[in-house]
>>> print(open('start03.cif').read())   # mmCIF, C-alpha atoms
data_start
loop_
_atom_site.label_atom_id
_atom_site.label_comp_id
_atom_site.auth_asym_id
_atom_site.auth_seq_id
_atom_site.Cartn_x
_atom_site.Cartn_y
_atom_site.Cartn_z
CA GLN W 1 108.70 38.81 173.23
CA VAL W 2 106.05 41.20 171.92
CA HIS W 3 102.51 40.21 172.81
CA LEU W 4 99.29 42.06 171.96
CA VAL W 5 95.80 41.17 173.19
CA GLU W 6 92.68 42.92 171.93
CA SER W 7 89.31 43.08 173.65
CA GLY W 8 86.11 45.11 173.63
CA GLY W 9 84.52 43.87 170.44
CA GLY W 10 80.86 42.94 170.22
CA SER W 11 77.59 43.48 168.42
CA VAL W 12 76.01 46.90 168.15
CA GLN W 13 73.35 48.60 166.11
CA SER W 14 74.14 51.17 163.48
CA GLY W 15 74.84 54.53 165.09
CA GLY W 16 76.16 52.93 168.25
CA SER W 17 79.60 53.02 169.84
CA LEU W 18 82.27 50.60 170.99
CA LYS W 19 85.66 51.03 172.59
CA LEU W 20 88.37 48.51 171.78
CA SER W 21 91.41 47.91 173.95
CA CYS W 22 94.78 46.36 173.18
CA VAL W 23 97.13 45.44 176.00
CA GLY W 24 100.77 45.12 175.00
CA SER W 25 103.73 43.46 176.66
CA GLY W 26 107.35 42.76 175.82
CA PHE W 27 108.13 46.28 174.69
CA TYR W 28 108.06 49.85 175.91
CA PHE W 29 104.66 51.26 175.05
CA SER W 30 105.98 54.81 174.89
CA GLU W 31 108.38 53.88 172.10
CA GLY W 32 107.44 53.31 168.49
CA CYS W 33 104.12 53.46 166.71
CA LEU W 34 100.95 51.47 167.24
CA GLY W 35 97.90 51.04 165.11
CA TRP W 36 94.52 49.46 164.52
CA PHE W 37 93.56 47.44 161.47
CA ARG W 38 90.46 45.57 160.39
CA GLN W 39 89.56 42.76 158.06
CA ALA W 40 86.09 41.97 156.81
CA PRO W 41 85.22 38.54 155.35
CA GLY W 42 86.56 38.21 151.83
CA LYS W 43 88.48 41.47 152.02
CA GLU W 44 92.07 42.45 152.65
CA ARG W 45 93.20 43.73 156.00
CA GLU W 46 93.07 47.52 156.00
CA ALA W 47 94.56 50.15 158.25
CA VAL W 48 92.20 52.12 160.43
CA ALA W 49 94.41 54.40 162.52
CA SER W 50 97.88 54.78 163.95
CA THR W 51 99.38 56.72 166.81
CA HIS W 52 102.89 57.99 167.42
CA VAL W 53 105.06 58.64 170.46
CA ASP W 54 104.29 62.37 170.25
CA GLY W 55 100.57 61.69 170.36
CA ARG W 56 99.85 62.46 166.73
CA ALA W 57 97.32 60.21 165.06
CA THR W 58 96.66 59.23 161.46
CA TYR W 59 93.29 57.94 160.28
CA ALA W 60 91.90 56.21 157.24
CA ASP W 61 89.46 58.43 155.38
CA SER W 62 86.62 55.98 156.02
CA VAL W 63 86.78 56.51 159.80
CA LYS W 64 87.86 60.13 160.15
CA GLY W 65 85.59 62.03 162.50
CA ARG W 66 84.08 58.82 163.90
CA PHE W 67 87.02 56.87 165.38
CA THR W 68 89.61 58.05 167.89
CA ILE W 69 92.86 56.24 168.65
CA SER W 70 94.59 56.82 171.97
CA SER W 71 96.97 55.13 174.36
CA ASP W 72 97.69 54.93 178.07
CA ASN W 73 101.39 54.25 178.42
CA ASP W 74 101.13 53.58 182.15
CA LYS W 75 98.68 50.76 181.42
CA ASN W 76 100.44 49.60 178.24
CA THR W 77 97.07 49.86 176.53
CA LEU W 78 96.01 51.12 173.13
CA TYR W 79 92.39 52.14 172.56
CA LEU W 80 90.08 52.69 169.64
CA LEU W 81 86.87 54.58 170.38
CA MET W 82 84.40 53.99 167.58
CA ASN W 83 81.36 56.26 167.36
CA ASN W 84 78.52 56.41 164.87
CA LEU W 85 79.23 52.90 163.70
CA ILE W 86 77.91 51.76 160.34
CA VAL W 87 77.34 48.30 158.89
CA GLU W 88 80.47 48.67 156.78
CA ASP W 89 82.55 48.82 159.98
CA THR W 90 81.80 45.15 160.61
CA ALA W 91 85.13 43.30 160.70
CA MET W 92 87.74 41.62 162.85
CA TYR W 93 89.81 44.37 164.43
CA TYR W 94 93.52 43.93 165.12
CA CYS W 95 96.08 46.05 166.88
CA GLY W 96 99.66 46.13 165.71
CA ARG W 97 103.07 47.41 166.70
CA TYR W 98 105.12 48.94 163.94
CA GLY W 99 108.82 48.46 163.37
CA PRO W 100 111.23 51.31 162.61
CA GLN W 101 108.97 52.69 159.87
CA CYS W 102 105.81 54.47 161.02
CA PRO W 103 102.94 55.80 158.90
CA TRP W 104 102.63 59.58 159.11
CA THR W 105 100.09 60.13 156.35
CA SER W 106 96.94 58.38 155.16
CA PHE W 107 98.92 57.26 152.12
CA GLN W 108 101.56 55.60 154.28
CA LEU W 109 98.89 54.19 156.60
CA GLY W 110 97.64 52.05 153.78
CA ARG W 111 101.09 50.74 152.87
CA ILE W 112 103.19 50.25 156.01
CA ARG W 113 102.42 47.12 158.00
CA PRO W 114 103.22 46.44 161.66
CA ASP W 115 105.81 43.91 162.68
CA TYR W 116 103.56 42.41 165.36
CA TRP W 117 99.83 41.64 165.51
CA GLY W 118 97.28 40.70 168.12
CA GLN W 119 94.73 37.91 167.66
CA GLY W 120 91.83 40.25 166.90
CA THR W 121 88.41 41.11 168.31
CA GLN W 122 85.18 40.91 166.31
CA VAL W 123 82.98 43.96 165.74
CA THR W 124 79.55 43.42 164.20
CA VAL W 125 77.29 46.33 163.31
CA SER W 126 73.68 45.64 162.38
CA SER W 127 71.24 47.95 160.65
#
>>> encode(input="start03.cif", output="structure tokens")
Amino acid sequence: QVHLVESGGGSVQSGGSLKLSCVGSGFYFSEGCLGWFRQAPGKEREAVASTHVDGRATYADSVKGRFTISSDNDKNTLYLLMNNLIVEDTAMYYCGRYGPQCPWTSFQLGRIRPDYWGQGTQVTVSS
């Protein structure tokens, strides 16, 4: 059974940094695609970034140059390093494991949804 648990959220001032973690179990971390999503109050869940088995990453335009997605397959852990945070980054952040279809472009990132989700970790950025 696939299980994902996020951690690392918190409150930070604008311009600060946070690093989120997502520990997975029930599947081989080196297989398939993984990603980070976020959902702000009153808004739809949106894709932030995804990573593939070959290490390539895809990012939403809103976070390019500020966020970095990575994984440690030995630890079954997915990371999201968030630098230069802005108030608009405030949201609940979720990690997800994709099914057979993986997003390879920003266009696909916004349209392909994972098959499995974690419970989320809250990120709050204040001005």
>>> residues_around(input="start03.cif", residues="stretch 56-66 of chain W", least_positions_apart="6", cutoff="8 Å", atoms="all atoms listed in the file", output="PDB file with C-alpha atoms, in the coordinates of the input")
ATOM      1  CA  ALA W  47      94.560  50.150 158.250  1.00  0.00           C
ATOM      2  CA  VAL W  48      92.200  52.120 160.430  1.00  0.00           C
ATOM      3  CA  ALA W  49      94.410  54.400 162.520  1.00  0.00           C
ATOM      4  CA  SER W  50      97.880  54.780 163.950  1.00  0.00           C
ATOM      5  CA  MET W  82      84.400  53.990 167.580  1.00  0.00           C
ATOM      6  CA  ASN W  83      81.360  56.260 167.360  1.00  0.00           C
ATOM      7  CA  ASN W  84      78.520  56.410 164.870  1.00  0.00           C
ATOM      8  CA  LEU W  85      79.230  52.900 163.700  1.00  0.00           C
ATOM      9  CA  PRO W 103     102.940  55.800 158.900  1.00  0.00           C
ATOM     10  CA  TRP W 104     102.630  59.580 159.110  1.00  0.00           C
ATOM     11  CA  THR W 105     100.090  60.130 156.350  1.00  0.00           C
ATOM     12  CA  SER W 106      96.940  58.380 155.160  1.00  0.00           C
ATOM     13  CA  LEU W 109      98.890  54.190 156.600  1.00  0.00           C
ATOM     14  CA  GLY W 110      97.640  52.050 153.780  1.00  0.00           C
TER      15      GLY W 110
END
>>> residues_around(input="start03.cif", residues="W:Gly42", least_positions_apart="3", cutoff="12 Å", atoms="all atoms listed in the file", output="PyMOL selection string")
chain W and resi 38-39+45+91-92
>>> atom_distance(input="start03.cif", atom1="atom CA of W:Pro114", atom2="atom CA of W:Gly24")
13.6 Å
>>> closest_residue(input="start03.cif", among="W:Tyr116, W:Gln101, W:Phe67, W:Ala40", to="W:Leu81", atoms="only C-alpha atoms")
W:Phe67
>>> resolve_selection(input="start03.cif", expression="the PyMOL selection byres ((chain W and resi 18) around 8)", output="list of chain:residue names")
W:Gly8, W:Gly9, W:Gly10, W:Val12, W:Gly16, W:Ser17, W:Lys19, W:Leu20, W:Leu81, W:Met82, W:Asn83
>>> resolve_selection(input="start03.cif", expression="the PyMOL selection byres ((chain W and resi 94) around 7)", output="JSON, numbers by chain")
{"W": [6, 36, 37, 38, 92, 93, 95, 96, 117, 118, 119, 120, 121]}
>>> write_last_selection(input="start03.cif", atoms="C-alpha atoms", output="compact mmCIF listing (two decimals), in the frame of the given file")
# COMPACT_ATOMS: atom_id res chain seq x y z
CA GLU W 6 92.68 42.92 171.93
CA TRP W 36 94.52 49.46 164.52
CA PHE W 37 93.56 47.44 161.47
CA ARG W 38 90.46 45.57 160.39
CA MET W 92 87.74 41.62 162.85
CA TYR W 93 89.81 44.37 164.43
CA CYS W 95 96.08 46.05 166.88
CA GLY W 96 99.66 46.13 165.71
CA TRP W 117 99.83 41.64 165.51
CA GLY W 118 97.28 40.70 168.12
CA GLN W 119 94.73 37.91 167.66
CA GLY W 120 91.83 40.25 166.90
CA THR W 121 88.41 41.11 168.31
>>> resolve_selection(input="start03.cif", expression="the PyMOL selection byres ((chain W and resi 127) around 6)", output="list in words")
Gln13, Ser14 and Ser126 of chain W
>>> residues_around(input="start03.cif", residues="W:Gln1", least_positions_apart="2", cutoff="12 Å", atoms="only C-alpha atoms", output="list in words")
His3, Leu4, Gly24, Ser25, Gly26, Phe27, Tyr28 and Tyr116 of chain W
>>> write_last_selection(input="start03.cif", atoms="C-alpha atoms", output="PDB file, in the coordinates of the input")
ATOM      1  CA  HIS W   3     102.510  40.210 172.810  1.00  0.00           C
ATOM      2  CA  LEU W   4      99.290  42.060 171.960  1.00  0.00           C
ATOM      3  CA  GLY W  24     100.770  45.120 175.000  1.00  0.00           C
ATOM      4  CA  SER W  25     103.730  43.460 176.660  1.00  0.00           C
ATOM      5  CA  GLY W  26     107.350  42.760 175.820  1.00  0.00           C
ATOM      6  CA  PHE W  27     108.130  46.280 174.690  1.00  0.00           C
ATOM      7  CA  TYR W  28     108.060  49.850 175.910  1.00  0.00           C
ATOM      8  CA  TYR W 116     103.560  42.410 165.360  1.00  0.00           C
TER       9      TYR W 116
END
>>> residues_near_point(input="start03.cif", point="(108.1, 54.6, 171.2)", cutoff="12 Å", atoms="all atoms listed in the file", output="list in words")
Phe27, Tyr28, Phe29, Ser30, Glu31, Gly32, Cys33, Leu34, Thr51, His52, Val53, Asp54, Gly55, Ser71, Asn73, Asn76, Arg97, Tyr98, Gly99, Pro100, Gln101 and Cys102 of chain W
>>> atom_distance(input="start03.cif", atom1="atom CA of W:Val87", atom2="atom CA of W:Thr124")
7.5 Å
>>> atom_distance(input="start03.cif", atom1="atom CA of W:Ile86", atom2="atom CA of W:Phe107")
23.2 Å
>>> axis_aligned_box(input="start03.cif", around="stretch 25-42 of chain W", padding_each_side="6 Å", output="JSON")
{"center_x": 96.8, "center_y": 46.5, "center_z": 164.2, "size_x": 35.2, "size_y": 28.6, "size_z": 36.8}
>>> closest_residue(input="start03.cif", among="W:Lys43, W:Gly35, W:Gly15, W:Gln122", to="W:Leu80", atoms="only C-alpha atoms")
W:Gly35
>>> closest_residue(input="start03.cif", among="W:Asp89, W:Val125, W:Pro41, W:Ser21", to="W:Asp72", atoms="only C-alpha atoms")
W:Ser21
>>> build_atoms(input="start03.cif", residues="stretch 45-64 of chain W", atoms="N, CA, C and O atoms", output="short mmCIF file (atom, residue, chain, number, x, y, z; two decimals), in the frame of the given file")
data_model
loop_
_atom_site.label_atom_id
_atom_site.label_comp_id
_atom_site.auth_asym_id
_atom_site.auth_seq_id
_atom_site.Cartn_x
_atom_site.Cartn_y
_atom_site.Cartn_z
N ARG W 45 93.07 42.97 154.77
CA ARG W 45 93.20 43.73 156.00
C ARG W 45 93.54 45.17 155.65
O ARG W 45 94.44 45.43 154.85
N GLU W 46 92.85 46.11 156.29
CA GLU W 46 93.07 47.52 156.00
C GLU W 46 93.38 48.28 157.27
O GLU W 46 92.91 47.95 158.36
N ALA W 47 94.19 49.32 157.11
CA ALA W 47 94.56 50.15 158.25
C ALA W 47 93.41 51.06 158.62
O ALA W 47 92.69 51.58 157.75
N VAL W 48 93.25 51.25 159.91
CA VAL W 48 92.20 52.12 160.43
C VAL W 48 92.80 53.40 161.01
O VAL W 48 92.37 54.51 160.69
N ALA W 49 93.80 53.24 161.87
CA ALA W 49 94.41 54.40 162.52
C ALA W 49 95.74 54.01 163.11
O ALA W 49 95.98 52.84 163.40
N SER W 50 96.61 55.01 163.29
CA SER W 50 97.88 54.78 163.95
C SER W 50 98.17 55.95 164.89
O SER W 50 97.64 57.05 164.72
N THR W 51 99.00 55.69 165.87
CA THR W 51 99.38 56.72 166.81
C THR W 51 100.88 56.69 167.01
O THR W 51 101.50 55.63 166.93
N HIS W 52 101.46 57.86 167.30
CA HIS W 52 102.89 57.99 167.42
C HIS W 52 103.29 58.39 168.82
O HIS W 52 102.44 58.76 169.63
N VAL W 53 104.58 58.35 169.11
CA VAL W 53 105.06 58.64 170.46
C VAL W 53 104.75 60.07 170.88
O VAL W 53 104.63 60.37 172.06
N ASP W 54 104.60 60.97 169.89
CA ASP W 54 104.29 62.37 170.25
C ASP W 54 102.80 62.62 170.34
O ASP W 54 102.36 63.75 170.52
N GLY W 55 102.01 61.56 170.21
CA GLY W 55 100.57 61.69 170.36
C GLY W 55 99.81 61.94 169.08
O GLY W 55 98.58 61.90 169.06
N ARG W 56 100.54 62.22 168.00
CA ARG W 56 99.85 62.46 166.73
C ARG W 56 99.21 61.18 166.23
O ARG W 56 99.72 60.08 166.44
N ALA W 57 98.07 61.35 165.57
CA ALA W 57 97.32 60.21 165.06
C ALA W 57 97.08 60.38 163.56
O ALA W 57 96.98 61.50 163.06
N THR W 58 96.99 59.26 162.88
CA THR W 58 96.66 59.23 161.46
C THR W 58 95.47 58.30 161.29
O THR W 58 95.43 57.22 161.89
N TYR W 59 94.51 58.71 160.46
CA TYR W 59 93.29 57.94 160.28
C TYR W 59 93.03 57.64 158.81
O TYR W 59 93.36 58.44 157.92
N ALA W 60 92.40 56.51 158.58
CA ALA W 60 91.90 56.21 157.24
C ALA W 60 90.71 57.14 156.98
O ALA W 60 89.97 57.51 157.90
N ASP W 61 90.54 57.51 155.73
CA ASP W 61 89.46 58.43 155.38
C ASP W 61 88.09 57.89 155.79
O ASP W 61 87.19 58.66 156.15
N SER W 62 87.93 56.59 155.75
CA SER W 62 86.62 55.98 156.02
C SER W 62 86.19 56.12 157.48
O SER W 62 85.01 55.94 157.79
N VAL W 63 87.13 56.44 158.38
CA VAL W 63 86.78 56.51 159.80
C VAL W 63 87.04 57.89 160.41
O VAL W 63 86.73 58.11 161.59
N LYS W 64 87.58 58.80 159.63
CA LYS W 64 87.86 60.13 160.15
C LYS W 64 86.60 60.78 160.70
O LYS W 64 85.55 60.74 160.07
#
